[in-house]
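Okay, work05.tsv now, which holds TSV, C-alpha atoms:
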```tsv
chain	number	residue	atom	x	y	z
A	63	MET	CA	45.22	-19.25	14.21
A	64	LYS	CA	42.56	-21.34	12.56
A	65	LYS	CA	38.99	-20.20	12.05
A	66	LEU	CA	36.58	-21.32	14.74
A	67	THR	CA	32.95	-22.38	14.68
A	68	ILE	CA	30.92	-22.19	17.90
A	69	HIS	CA	27.60	-23.97	18.25
A	70	GLN	CA	25.03	-22.46	20.63
A	71	SER	CA	21.50	-23.30	21.67
A	72	GLU	CA	18.89	-20.61	21.04
A	73	ASN	CA	17.21	-21.70	24.28
A	74	ALA	CA	20.25	-21.02	26.46
A	75	HIS	CA	22.37	-18.05	27.47
A	76	ARG	CA	24.48	-16.99	24.49
A	77	PHE	CA	28.00	-15.64	24.62
A	78	SER	CA	28.57	-12.02	23.68
A	79	LEU	CA	31.33	-9.42	23.41
A	80	ASP	CA	32.30	-9.66	27.09
A	81	SER	CA	33.51	-13.25	26.63
A	82	ILE	CA	35.63	-12.29	23.64
A	83	LEU	CA	37.06	-9.26	25.46
A	84	LEU	CA	38.01	-11.41	28.44
A	85	ALA	CA	39.71	-14.03	26.25
A	86	GLU	CA	41.61	-11.31	24.36
A	87	ASN	CA	43.10	-10.03	27.63
A	88	ILE	CA	44.40	-13.34	29.01
A	89	PHE	CA	48.06	-13.95	28.26
A	90	PRO	CA	49.16	-17.41	29.38
A	91	LYS	CA	52.74	-18.63	29.26
A	92	LYS	CA	53.88	-21.85	27.65
A	93	ASN	CA	52.62	-24.98	29.44
A	94	ASN	CA	50.22	-23.03	31.65
A	95	ARG	CA	47.19	-24.82	33.05
A	96	ILE	CA	43.97	-22.79	33.06
A	97	LEU	CA	40.63	-23.37	34.77
A	98	ASP	CA	37.59	-21.82	33.06
A	99	LEU	CA	34.79	-21.47	35.63
A	100	GLY	CA	31.25	-21.53	34.24
A	101	CYS	CA	32.49	-22.26	30.74
A	102	GLY	CA	29.06	-22.35	29.07
A	103	CYS	CA	29.42	-23.30	25.40
A	104	GLY	CA	33.20	-23.28	25.85
A	105	ILE	CA	33.85	-20.01	24.04
A	106	ILE	CA	36.65	-18.68	26.30
A	107	SER	CA	38.40	-22.05	26.60
A	108	ILE	CA	38.30	-22.55	22.83
A	109	LEU	CA	39.52	-19.04	22.02
A	110	LEU	CA	42.43	-19.43	24.45
A	111	ALA	CA	43.41	-22.89	23.24
A	112	ASN	CA	43.26	-21.79	19.61
A	113	LYS	CA	45.51	-18.80	20.27
A	114	ASN	CA	47.90	-20.58	22.65
A	115	PRO	CA	48.63	-24.13	21.42
A	116	ASP	CA	51.03	-24.90	24.30
A	117	ILE	CA	48.49	-24.60	27.14
A	118	THR	CA	45.89	-26.94	28.59
A	119	ILE	CA	42.46	-25.87	29.82
A	120	VAL	CA	39.81	-27.41	32.04
A	121	GLY	CA	36.36	-25.91	31.56
A	122	ILE	CA	33.62	-26.62	34.10
A	123	ASP	CA	29.93	-25.78	34.19
A	124	ILE	CA	27.07	-26.90	36.41
A	125	GLN	CA	24.58	-27.23	33.55
A	126	GLU	CA	24.69	-30.51	31.63
A	127	SER	CA	23.11	-28.94	28.55
A	128	SER	CA	25.97	-26.42	28.34
A	129	ILE	CA	28.57	-29.13	28.86
A	130	LEU	CA	27.20	-31.20	25.96
A	131	ILE	CA	27.44	-28.21	23.63
A	132	ALA	CA	30.91	-27.25	24.90
A	133	LYS	CA	32.19	-30.78	24.27
A	134	GLN	CA	30.77	-30.67	20.73
A	135	ASN	CA	32.53	-27.36	20.14
A	136	VAL	CA	35.85	-28.70	21.38
A	137	LEU	CA	35.60	-31.67	19.01
A	138	LYS	CA	34.39	-29.54	16.10
A	139	ASN	CA	37.35	-27.19	16.46
A	140	LYS	CA	39.82	-30.09	16.85
A	141	LEU	CA	40.95	-29.12	20.34
A	142	LYS	CA	40.49	-32.46	22.06
A	143	GLY	CA	43.42	-32.98	24.42
A	144	LYS	CA	43.90	-29.23	24.81
A	145	VAL	CA	40.51	-28.48	26.36
A	146	ASN	CA	38.82	-30.84	28.83
A	147	ILE	CA	35.16	-30.05	29.60
A	148	LEU	CA	33.59	-31.32	32.85
A	149	CYS	CA	30.13	-31.04	34.39
A	150	LYS	CA	30.89	-29.87	37.91
A	151	ASP	CA	29.58	-27.54	40.60
A	152	MET	CA	32.45	-25.19	41.44
A	153	ARG	CA	31.31	-25.11	45.06
A	154	THR	CA	32.31	-28.79	45.45
A	155	ILE	CA	35.91	-28.27	44.32
A	156	LYS	CA	38.53	-29.04	46.96
A	157	GLY	CA	42.21	-28.26	47.06
A	158	ASP	CA	43.10	-31.71	45.74
A	159	THR	CA	40.34	-32.01	43.11
A	160	PHE	CA	42.69	-30.89	40.34
A	161	LYS	CA	46.37	-30.39	39.78
A	162	LYS	CA	47.07	-26.72	40.54
A	163	PHE	CA	46.38	-24.10	37.88
A	164	HIS	CA	48.42	-21.08	36.77
A	165	LYS	CA	45.29	-19.08	35.93
A	166	VAL	CA	41.58	-19.16	36.71
A	167	VAL	CA	39.27	-17.30	34.33
A	168	CYS	CA	35.59	-16.57	34.71
A	169	ASN	CA	32.90	-14.64	32.89
A	170	PRO	CA	30.42	-14.94	35.75
A	171	PRO	CA	26.71	-14.36	36.27
A	172	PHE	CA	26.56	-10.59	36.75
A	173	ARG	CA	23.24	-10.17	38.54
A	174	LYS	CA	22.48	-10.88	42.15
A	175	LYS	CA	19.88	-13.60	42.62
A	176	ASN	CA	16.31	-12.52	41.78
A	177	SER	CA	17.43	-9.04	40.72
A	178	GLY	CA	16.56	-7.20	37.52
A	179	ARG	CA	14.22	-8.50	34.85
A	180	LYS	CA	12.94	-12.00	35.59
A	181	ASN	CA	14.32	-14.73	33.34
A	182	THR	CA	11.64	-17.08	32.07
A	183	SER	CA	14.21	-19.82	31.38
A	184	LYS	CA	15.87	-21.55	34.35
A	185	THR	CA	18.90	-22.29	32.16
A	186	ILE	CA	19.34	-18.60	31.30
A	187	ALA	CA	18.70	-17.53	34.91
A	188	ILE	CA	21.52	-19.79	36.15
A	189	ALA	CA	23.91	-18.24	33.60
A	190	ARG	CA	22.91	-14.64	34.42
A	191	GLU	CA	22.13	-14.65	38.14
A	192	GLU	CA	24.24	-15.61	41.16
A	193	ILE	CA	22.31	-18.80	41.85
A	194	PHE	CA	25.18	-21.33	41.80
A	195	CYS	CA	28.09	-18.92	41.28
A	196	THR	CA	28.59	-15.92	43.57
A	197	ILE	CA	31.64	-13.69	43.86
A	198	ASP	CA	32.59	-15.54	47.05
A	199	ASP	CA	32.30	-18.90	45.26
A	200	ILE	CA	34.73	-17.74	42.57
A	201	MET	CA	37.21	-16.43	45.13
A	202	LYS	CA	37.05	-19.57	47.27
A	203	VAL	CA	37.71	-21.87	44.33
A	204	SER	CA	40.53	-19.69	43.00
A	205	ARG	CA	42.31	-19.64	46.34
A	206	LYS	CA	42.13	-23.45	46.49
A	207	VAL	CA	43.30	-24.29	42.97
A	208	LEU	CA	45.82	-21.59	42.02
A	209	ILE	CA	49.56	-21.98	42.39
A	210	ASN	CA	51.24	-19.37	44.58
A	211	LEU	CA	51.12	-16.06	42.66
A	212	GLY	CA	48.67	-17.65	40.24
A	213	GLU	CA	46.21	-15.31	38.56
A	214	LEU	CA	42.44	-14.90	38.68
A	215	ILE	CA	40.95	-12.99	35.74
A	216	VAL	CA	37.28	-11.93	35.69
A	217	ILE	CA	35.05	-9.42	33.92
A	218	TYR	CA	32.29	-7.55	35.77
A	219	PRO	CA	30.00	-4.58	35.20
A	220	ALA	CA	31.59	-1.34	36.38
A	221	GLU	CA	29.09	-0.83	39.21
A	222	ARG	CA	30.37	-3.94	41.00
A	223	ILE	CA	34.09	-3.10	40.92
A	224	GLY	CA	34.33	-1.94	44.55
A	225	GLU	CA	32.74	-5.18	45.72
A	226	ILE	CA	35.10	-7.30	43.60
A	227	ILE	CA	38.25	-5.61	44.89
A	228	ILE	CA	37.17	-6.05	48.52
A	229	LYS	CA	36.33	-9.72	47.96
A	230	MET	CA	39.60	-10.40	46.16
A	231	ASN	CA	41.65	-8.96	48.97
A	232	ASN	CA	39.61	-10.89	51.55
A	233	TYR	CA	40.74	-14.11	49.85
A	234	ASN	CA	44.42	-13.09	49.50
A	235	LEU	CA	43.94	-12.38	45.79
A	236	GLU	CA	45.67	-9.04	45.52
A	237	THR	CA	44.16	-6.83	42.80
A	238	LYS	CA	47.02	-6.20	40.37
A	239	GLU	CA	45.45	-4.95	37.15
A	240	MET	CA	42.20	-3.40	35.91
A	241	ILE	CA	41.14	-2.68	32.34
A	242	PRO	CA	38.19	-0.28	31.96
A	243	ILE	CA	35.92	-0.97	28.99
A	244	TYR	CA	33.76	1.72	27.40
A	245	SER	CA	31.17	1.40	24.67
A	246	LYS	CA	32.35	4.70	23.18
A	247	ASN	CA	34.36	7.82	23.98
A	248	ASN	CA	32.84	10.22	26.54
A	249	SER	CA	30.68	7.47	28.05
A	250	ASN	CA	30.93	5.90	31.50
A	251	ALA	CA	32.84	2.64	31.82
A	252	LYS	CA	30.56	-0.34	31.19
A	253	TRP	CA	32.83	-3.23	32.23
A	254	PHE	CA	36.11	-3.86	33.97
A	255	ILE	CA	38.47	-6.78	33.47
A	256	ILE	CA	40.11	-7.41	36.83
A	257	LYS	CA	43.22	-9.48	37.51
A	258	GLY	CA	44.29	-10.63	40.95
A	259	ARG	CA	47.26	-12.71	42.10
A	260	LEU	CA	47.28	-15.15	44.99
A	261	ASN	CA	49.49	-13.97	47.88
A	262	ALA	CA	50.96	-11.12	45.81
A	263	LYS	CA	52.27	-7.83	47.17
A	264	PRO	CA	50.10	-4.70	46.75
A	265	GLY	CA	50.48	-2.70	43.55
A	266	LEU	CA	47.62	-1.94	41.20
A	267	ILE	CA	47.96	-0.92	37.54
A	268	VAL	CA	44.97	0.59	35.74
A	269	LYS	CA	45.53	-0.09	32.05
A	270	ALA	CA	44.56	2.08	29.09
A	271	PRO	CA	40.81	2.04	28.37
A	272	VAL	CA	39.21	-0.15	25.71
A	273	TYR	CA	36.51	1.36	23.49
A	274	THR	CA	34.33	-1.36	22.02
A	275	ASP	CA	33.12	0.79	19.12
A	276	GLN	CA	36.71	0.94	17.87
A	277	LEU	CA	37.56	-2.75	18.16
A	278	THR	CA	38.42	-5.23	15.45
A	279	PHE	CA	39.17	-8.85	16.20
A	280	SER	CA	41.39	-11.15	14.20
A	281	ALA	CA	39.41	-14.32	14.95
A	282	VAL	CA	35.77	-13.81	15.88
A	283	PRO	CA	34.13	-17.25	15.91
A	284	LYS	CA	31.38	-18.09	13.48
A	285	GLU	CA	28.21	-18.99	15.37
A	286	GLU	CA	25.94	-21.94	14.68
A	287	ASN	CA	22.50	-22.08	16.29
A	288	ASP	CA	20.05	-24.84	17.07
A	289	GLU	CA	17.21	-25.21	14.62
A	290	GLU	CA	14.90	-26.26	17.43
```
Kindly present the structure from the file in structure tokens form.
Amino acid sequence: MKKLTIHQSENAHRFSLDSILLAENIFPKKNNRILDLGCGCGIISILLANKNPDITIVGIDIQESSILIAKQNVLKNKLKGKVNILCKDMRTIKGDTFKKFHKVVCNPPFRKKNSGRKNTSKTIAIAREEIFCTIDDIMKVSRKVLINLGELIVIYPAERIGEIIIKMNNYNLETKEMIPIYSKNNSNAKWFIIKGRLNAKPGLIVKAPVYTDQLTFSAVPKEENDEE
């Protein structure tokens, strides 16, 4: 795998460990097509394409500023043709908007709208709050665009896990795998990576826990920031 450089704006939401953890736990097969919902600066799409040269990825985001940066990152890391970045509202996607995907991935806004500390930046608020991307929106899109038995993979704070499982099952996305993520031993789980399959039979596997204080990554991207 080649070294990556990821450009980010200091005035926008910035990717963090959760994006890298999600990308590290996605295992596409050869020739898979992947849809990255709310791709931001393109971090997950770029990590996946760099690690899996035989896949193609479409990354979408509603914010034009994020799309411009994501496109720059794709070009900078020489992944043009592997990753296609589009400015699109996921809520407008129909069943025939794209060719079907094998996997949908999403590192979504975690907060409910107008909850928690108020974000002074509209751009950051859109990335952090469920303004244009709710759990239902993610499930609706995934059900439309996935092949039969295709996989949805998301990461959410632990306190929202019950809600996610219920929503997945409501949209025929059977919860098949969960990975609990802890900041350290003897702490409560902070995140869960959750994988669901469209029209699959019941059968849930809870994988071994991940402790972030013990992690090392083979290819953590170098970050570049705006000078503005």
Identify, on the basis of only C-alpha atoms, every residue whose closest approach to Phe89 (chain A) does not exceed 10 Å; exclude the query and any residue fewer than 6 positions from it along the same chain; express the result as a list in words.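 Within the cut-off, the hits are Leu110, Lys113, Asn114 and Lys165 of chain A.
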Counting all atoms listed in the file, which residues come within 12 Å of (28.6, -29.6, 24.9), with the point read in the file's coordinates, and could you list them as a PyMOL selection string? chain A and resi 68-71+101-105+121-138+146-149
Considering all atoms listed in the file, state which residue in the set A:Lys142, A:Ile267, A:Asp80, A:Cys168 is at the smallest distance from Pro219 (chain A). A:Asp80
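Distances here use all atoms listed in the file; by that measure, the residue among A:Phe194, A:Tyr244, A:Tyr233, A:Phe160 closest to Lys175 (chain A) is A:Phe194.
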So, counting all atoms listed in the file, which residue among A:Lys140, A:Lys150, A:His164, A:Arg205 is closest to Ile117 (chain A)?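 Closest to Ile117 (chain A) of all the choices is A:His164.
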